[in-house]
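S.K.: To start, I am sharing the structure in question, which I have written as structure tokens.
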Amino acid sequence: MKIIRFIHVGLGNYSIQRLEILKKNKNFQLVGLVDIDNNKIKSLSAEHKKIFFSSISIAQKKVRADAAFIYVSADKHTKLVKESLKNNLHTLCVKPISFCFQEFKQIMKFKEKKKNLTLVQGQNNQWNDASIEMKKIINNKNIFWFNDLFRSRSKQNYTSN
């Protein structure tokens, strides 16, 4: 199996928890960290400071990743998902991809042009109503629906659409 080189976007508490899980998985290799708050770099190890960037685009130019995992506040999702796809990255975004239906439709339209890329929305029960509505319009085989991908459970509930 090919090791997936990924850019981790967001350095909040929730995001760091997910990063620690990913770093333990031998199928993933952390190659970039992105956060718009440059003060976050102060808390990083020397190793992680070397791969810290202020945007997905800058990170991708430097490290040539395969995927971006986006763990930031929901109001930033639309912009970052678009940036990730524009940089030819498979993209996982937690919570709803967008609060706005029109923006969501724009992302889906853009995604249709990027058939070789996978877009994953991690479902968080907090956003269940929004997620259910978005799932209704997802019909591309390269878009998958996961029920909280990284929740620690003995059984994961995965469904694709």
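FYI, nothing fancy with the structure tokens labels: chains A, B, ... in order, residues from 1 per chain, ligands from 1 as they appear.
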Can you list, as a ChimeraX atom specification, every residue of region 58-128 of chain A that DSSP puts in helix (DSSP H, G or I)?
M.R.: /A:58-63,74-86,101-113,125-128
S.K.: Store the residues picked out above, limited to N, CA and C atoms, as a tab-separated table (two decimals), in the first residue's frame.
M.R.:
chain	number	residue	atom	x	y	z
A	58	ILE	N	0.99	27.14	-0.22
A	58	ILE	CA	2.43	27.25	0.05
A	58	ILE	C	2.99	25.89	0.46
A	59	ALA	N	2.27	25.20	1.33
A	59	ALA	CA	2.72	23.88	1.77
A	59	ALA	C	2.86	22.92	0.59
A	60	GLN	N	1.87	22.90	-0.27
A	60	GLN	CA	1.88	21.97	-1.40
A	60	GLN	C	3.04	22.26	-2.35
A	61	LYS	N	3.36	23.52	-2.55
A	61	LYS	CA	4.50	23.87	-3.42
A	61	LYS	C	5.81	23.34	-2.84
A	62	LYS	N	5.91	23.31	-1.52
A	62	LYS	CA	7.15	22.90	-0.85
A	62	LYS	C	7.25	21.39	-0.65
A	63	VAL	N	6.12	20.72	-0.33
A	63	VAL	CA	6.22	19.33	0.12
A	63	VAL	C	5.57	18.29	-0.80
A	74	ALA	N	-15.63	25.59	11.41
A	74	ALA	CA	-16.48	25.32	10.25
A	74	ALA	C	-16.61	26.51	9.30
A	75	ASP	N	-16.49	27.71	9.81
A	75	ASP	CA	-16.63	28.88	8.92
A	75	ASP	C	-15.46	29.02	7.95
A	76	LYS	N	-14.40	28.27	8.14
A	76	LYS	CA	-13.23	28.30	7.26
A	76	LYS	C	-13.22	27.14	6.26
A	77	HIS	N	-14.12	26.19	6.41
A	77	HIS	CA	-14.09	24.97	5.60
A	77	HIS	C	-14.18	25.22	4.11
A	78	THR	N	-15.14	26.01	3.67
A	78	THR	CA	-15.35	26.19	2.23
A	78	THR	C	-14.08	26.68	1.55
A	79	LYS	N	-13.48	27.72	2.09
A	79	LYS	CA	-12.27	28.29	1.50
A	79	LYS	C	-11.15	27.25	1.45
A	80	LEU	N	-10.96	26.51	2.53
A	80	LEU	CA	-9.86	25.56	2.59
A	80	LEU	C	-10.10	24.33	1.73
A	81	VAL	N	-11.34	23.86	1.65
A	81	VAL	CA	-11.64	22.73	0.76
A	81	VAL	C	-11.36	23.11	-0.68
A	82	LYS	N	-11.80	24.30	-1.08
A	82	LYS	CA	-11.52	24.76	-2.45
A	82	LYS	C	-10.01	24.85	-2.70
A	83	GLU	N	-9.29	25.42	-1.75
A	83	GLU	CA	-7.84	25.55	-1.90
A	83	GLU	C	-7.17	24.18	-2.01
A	84	SER	N	-7.62	23.25	-1.20
A	84	SER	CA	-7.06	21.91	-1.23
A	84	SER	C	-7.30	21.23	-2.58
A	85	LEU	N	-8.52	21.28	-3.06
A	85	LEU	CA	-8.84	20.67	-4.36
A	85	LEU	C	-8.09	21.36	-5.49
A	86	LYS	N	-7.98	22.68	-5.44
A	86	LYS	CA	-7.23	23.42	-6.47
A	86	LYS	C	-5.77	22.99	-6.51
A	101	PHE	N	-25.54	26.50	1.38
A	101	PHE	CA	-25.89	25.55	0.33
A	101	PHE	C	-25.28	25.96	-1.01
A	102	GLN	N	-25.29	27.25	-1.33
A	102	GLN	CA	-24.73	27.72	-2.61
A	102	GLN	C	-23.23	27.45	-2.68
A	103	GLU	N	-22.53	27.69	-1.58
A	103	GLU	CA	-21.09	27.40	-1.56
A	103	GLU	C	-20.84	25.90	-1.69
A	104	PHE	N	-21.67	25.11	-1.04
A	104	PHE	CA	-21.54	23.66	-1.13
A	104	PHE	C	-21.71	23.20	-2.58
A	105	LYS	N	-22.71	23.75	-3.25
A	105	LYS	CA	-22.93	23.41	-4.66
A	105	LYS	C	-21.74	23.81	-5.52
A	106	GLN	N	-21.12	24.95	-5.22
A	106	GLN	CA	-19.93	25.39	-5.96
A	106	GLN	C	-18.78	24.39	-5.77
A	107	ILE	N	-18.61	23.94	-4.55
A	107	ILE	CA	-17.56	22.96	-4.27
A	107	ILE	C	-17.82	21.67	-5.05
A	108	MET	N	-19.06	21.22	-5.04
A	108	MET	CA	-19.41	19.98	-5.74
A	108	MET	C	-19.20	20.14	-7.24
A	109	LYS	N	-19.52	21.30	-7.78
A	109	LYS	CA	-19.32	21.56	-9.21
A	109	LYS	C	-17.82	21.53	-9.53
A	110	PHE	N	-17.03	22.17	-8.68
A	110	PHE	CA	-15.58	22.17	-8.87
A	110	PHE	C	-15.03	20.75	-8.74
A	111	LYS	N	-15.52	20.01	-7.76
A	111	LYS	CA	-15.07	18.63	-7.53
A	111	LYS	C	-15.35	17.75	-8.74
A	112	GLU	N	-16.45	17.97	-9.41
A	112	GLU	CA	-16.78	17.17	-10.60
A	112	GLU	C	-15.69	17.28	-11.66
A	113	LYS	N	-14.99	18.40	-11.71
A	113	LYS	CA	-13.91	18.59	-12.68
A	113	LYS	C	-12.63	17.87	-12.23
A	125	ASN	N	-21.83	14.34	14.78
A	125	ASN	CA	-23.25	14.35	15.14
A	125	ASN	C	-23.78	15.74	15.44
A	126	GLN	N	-22.93	16.66	15.84
A	126	GLN	CA	-23.33	18.03	16.10
A	126	GLN	C	-23.94	18.67	14.85
A	127	TRP	N	-23.50	18.21	13.69
A	127	TRP	CA	-23.95	18.79	12.42
A	127	TRP	C	-24.82	17.81	11.63
A	128	ASN	N	-25.44	16.89	12.29
A	128	ASN	CA	-26.15	15.82	11.62
A	128	ASN	C	-27.20	16.32	10.62
S.K.: Once DSSP has gone over the backbone, tell me which residues of region 12-149 of chain A are in strand (DSSP E), as number ranges by chain.
M.R.: A: 28-34, 52-53, 67-70, 90-94, 119-123, 143-147
S.K.: Once you have the residues from the selection above, write them out as a PDB file, in the first residue's frame, restricted to N, CA and C atoms.
M.R.:
ATOM      1  N   PHE A  28       0.256   6.668   6.767  1.00  0.00           N
ATOM      2  CA  PHE A  28       0.265   8.113   6.578  1.00  0.00           C
ATOM      3  C   PHE A  28       1.613   8.697   6.958  1.00  0.00           C
ATOM      4  N   GLN A  29       2.022   9.729   6.222  1.00  0.00           N
ATOM      5  CA  GLN A  29       3.254  10.454   6.535  1.00  0.00           C
ATOM      6  C   GLN A  29       2.938  11.946   6.573  1.00  0.00           C
ATOM      7  N   LEU A  30       3.126  12.560   7.719  1.00  0.00           N
ATOM      8  CA  LEU A  30       2.932  13.999   7.878  1.00  0.00           C
ATOM      9  C   LEU A  30       4.050  14.733   7.156  1.00  0.00           C
ATOM     10  N   VAL A  31       3.668  15.585   6.186  1.00  0.00           N
ATOM     11  CA  VAL A  31       4.687  16.351   5.456  1.00  0.00           C
ATOM     12  C   VAL A  31       4.481  17.856   5.583  1.00  0.00           C
ATOM     13  N   GLY A  32       3.325  18.279   6.137  1.00  0.00           N
ATOM     14  CA  GLY A  32       3.073  19.706   6.284  1.00  0.00           C
ATOM     15  C   GLY A  32       2.038  19.986   7.351  1.00  0.00           C
ATOM     16  N   LEU A  33       2.234  21.104   8.045  1.00  0.00           N
ATOM     17  CA  LEU A  33       1.268  21.606   9.025  1.00  0.00           C
ATOM     18  C   LEU A  33       0.874  23.005   8.577  1.00  0.00           C
ATOM     19  N   VAL A  34      -0.425  23.287   8.599  1.00  0.00           N
ATOM     20  CA  VAL A  34      -0.905  24.600   8.175  1.00  0.00           C
ATOM     21  C   VAL A  34      -1.812  25.174   9.250  1.00  0.00           C
ATOM     22  N   PHE A  52       5.932  23.787   8.953  1.00  0.00           N
ATOM     23  CA  PHE A  52       4.806  24.671   9.250  1.00  0.00           C
ATOM     24  C   PHE A  52       4.670  25.703   8.137  1.00  0.00           C
ATOM     25  N   PHE A  53       3.430  25.870   7.636  1.00  0.00           N
ATOM     26  CA  PHE A  53       3.160  26.811   6.556  1.00  0.00           C
ATOM     27  C   PHE A  53       1.896  27.602   6.865  1.00  0.00           C
ATOM     28  N   ALA A  67      -2.610  14.451   0.090  1.00  0.00           N
ATOM     29  CA  ALA A  67      -3.906  14.744   0.701  1.00  0.00           C
ATOM     30  C   ALA A  67      -3.781  15.886   1.708  1.00  0.00           C
ATOM     31  N   ALA A  68      -4.920  16.489   1.988  1.00  0.00           N
ATOM     32  CA  ALA A  68      -5.019  17.487   3.060  1.00  0.00           C
ATOM     33  C   ALA A  68      -6.142  17.057   3.989  1.00  0.00           C
ATOM     34  N   PHE A  69      -5.882  17.110   5.282  1.00  0.00           N
ATOM     35  CA  PHE A  69      -6.883  16.812   6.309  1.00  0.00           C
ATOM     36  C   PHE A  69      -7.181  18.120   7.017  1.00  0.00           C
ATOM     37  N   ILE A  70      -8.419  18.573   6.905  1.00  0.00           N
ATOM     38  CA  ILE A  70      -8.802  19.903   7.380  1.00  0.00           C
ATOM     39  C   ILE A  70      -9.585  19.797   8.683  1.00  0.00           C
ATOM     40  N   HIS A  90      -6.282  15.108  -2.418  1.00  0.00           N
ATOM     41  CA  HIS A  90      -7.423  14.413  -1.855  1.00  0.00           C
ATOM     42  C   HIS A  90      -7.720  15.148  -0.551  1.00  0.00           C
ATOM     43  N   THR A  91      -8.994  15.294  -0.216  1.00  0.00           N
ATOM     44  CA  THR A  91      -9.345  16.186   0.887  1.00  0.00           C
ATOM     45  C   THR A  91     -10.314  15.538   1.855  1.00  0.00           C
ATOM     46  N   LEU A  92      -9.953  15.577   3.139  1.00  0.00           N
ATOM     47  CA  LEU A  92     -10.866  15.197   4.214  1.00  0.00           C
ATOM     48  C   LEU A  92     -11.156  16.460   5.004  1.00  0.00           C
ATOM     49  N   CYS A  93     -12.428  16.742   5.193  1.00  0.00           N
ATOM     50  CA  CYS A  93     -12.834  17.914   5.966  1.00  0.00           C
ATOM     51  C   CYS A  93     -13.858  17.468   7.001  1.00  0.00           C
ATOM     52  N   VAL A  94     -13.618  17.816   8.252  1.00  0.00           N
ATOM     53  CA  VAL A  94     -14.561  17.453   9.297  1.00  0.00           C
ATOM     54  C   VAL A  94     -15.727  18.434   9.309  1.00  0.00           C
ATOM     55  N   LEU A 119     -12.988  13.502  -2.175  1.00  0.00           N
ATOM     56  CA  LEU A 119     -13.413  14.480  -1.174  1.00  0.00           C
ATOM     57  C   LEU A 119     -14.200  13.728  -0.118  1.00  0.00           C
ATOM     58  N   VAL A 120     -13.762  13.844   1.135  1.00  0.00           N
ATOM     59  CA  VAL A 120     -14.400  13.142   2.247  1.00  0.00           C
ATOM     60  C   VAL A 120     -14.893  14.173   3.250  1.00  0.00           C
ATOM     61  N   GLN A 121     -16.132  14.036   3.642  1.00  0.00           N
ATOM     62  CA  GLN A 121     -16.643  14.860   4.734  1.00  0.00           C
ATOM     63  C   GLN A 121     -16.808  13.971   5.953  1.00  0.00           C
ATOM     64  N   GLY A 122     -16.097  14.292   7.021  1.00  0.00           N
ATOM     65  CA  GLY A 122     -16.255  13.564   8.266  1.00  0.00           C
ATOM     66  C   GLY A 122     -17.526  14.036   8.948  1.00  0.00           C
ATOM     67  N   GLN A 123     -18.361  13.117   9.319  1.00  0.00           N
ATOM     68  CA  GLN A 123     -19.617  13.497   9.955  1.00  0.00           C
ATOM     69  C   GLN A 123     -19.429  13.623  11.454  1.00  0.00           C
ATOM     70  N   ILE A 143     -16.778  10.800  -3.961  1.00  0.00           N
ATOM     71  CA  ILE A 143     -17.078  11.536  -2.734  1.00  0.00           C
ATOM     72  C   ILE A 143     -17.643  10.523  -1.759  1.00  0.00           C
ATOM     73  N   PHE A 144     -17.028  10.399  -0.602  1.00  0.00           N
ATOM     74  CA  PHE A 144     -17.415   9.397   0.369  1.00  0.00           C
ATOM     75  C   PHE A 144     -17.945  10.040   1.631  1.00  0.00           C
ATOM     76  N   TRP A 145     -18.779   9.313   2.313  1.00  0.00           N
ATOM     77  CA  TRP A 145     -19.392   9.775   3.543  1.00  0.00           C
ATOM     78  C   TRP A 145     -18.921   8.898   4.685  1.00  0.00           C
ATOM     79  N   PHE A 146     -18.287   9.459   5.674  1.00  0.00           N
ATOM     80  CA  PHE A 146     -17.816   8.700   6.813  1.00  0.00           C
ATOM     81  C   PHE A 146     -18.498   9.193   8.077  1.00  0.00           C
ATOM     82  N   ASN A 147     -18.838   8.274   8.928  1.00  0.00           N
ATOM     83  CA  ASN A 147     -19.419   8.619  10.221  1.00  0.00           C
ATOM     84  C   ASN A 147     -18.286   8.732  11.226  1.00  0.00           C
TER      85      ASN A 147
END
S.K.: Which distance in Å separates CA of Asp35 (chain A) and CA of Ser54 (chain A), to one decimal?
M.R.: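 Taking CA of Asp35 (chain A) as the start and CA of Ser54 (chain A) as the end point, the length is 5.6 Å.
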S.K.: For Phe99 (chain A), which residue out of A:Arg5, A:Ser73, A:Ala65, A:Asn39 is the nearest one, using only C-alpha atoms?
M.R.: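 Result for the nearest residue to Phe99 (chain A): A:Ser73.
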S.K.: To one decimal in Å, tell me the separation between CA of Asp37 (chain A) and CA of Ile4 (chain A).
M.R.: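 Those two atoms sit 25.6 Å apart.
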S.K.: Nearest to Asn27 (chain A) among A:Lys40, A:Lys2, A:His8, A:Lys49, with distances taken over only C-alpha atoms: which residue is it?
M.R.: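 Once distances to Asn27 (chain A) are computed over only C-alpha atoms, the minimum belongs to A:Lys2.
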S.K.: What gap, in Å, lies between CA of Ala46 (chain A) and CA of Asp66 (chain A)?
M.R.: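 Here the two named atoms are 23.4 Å from each other.
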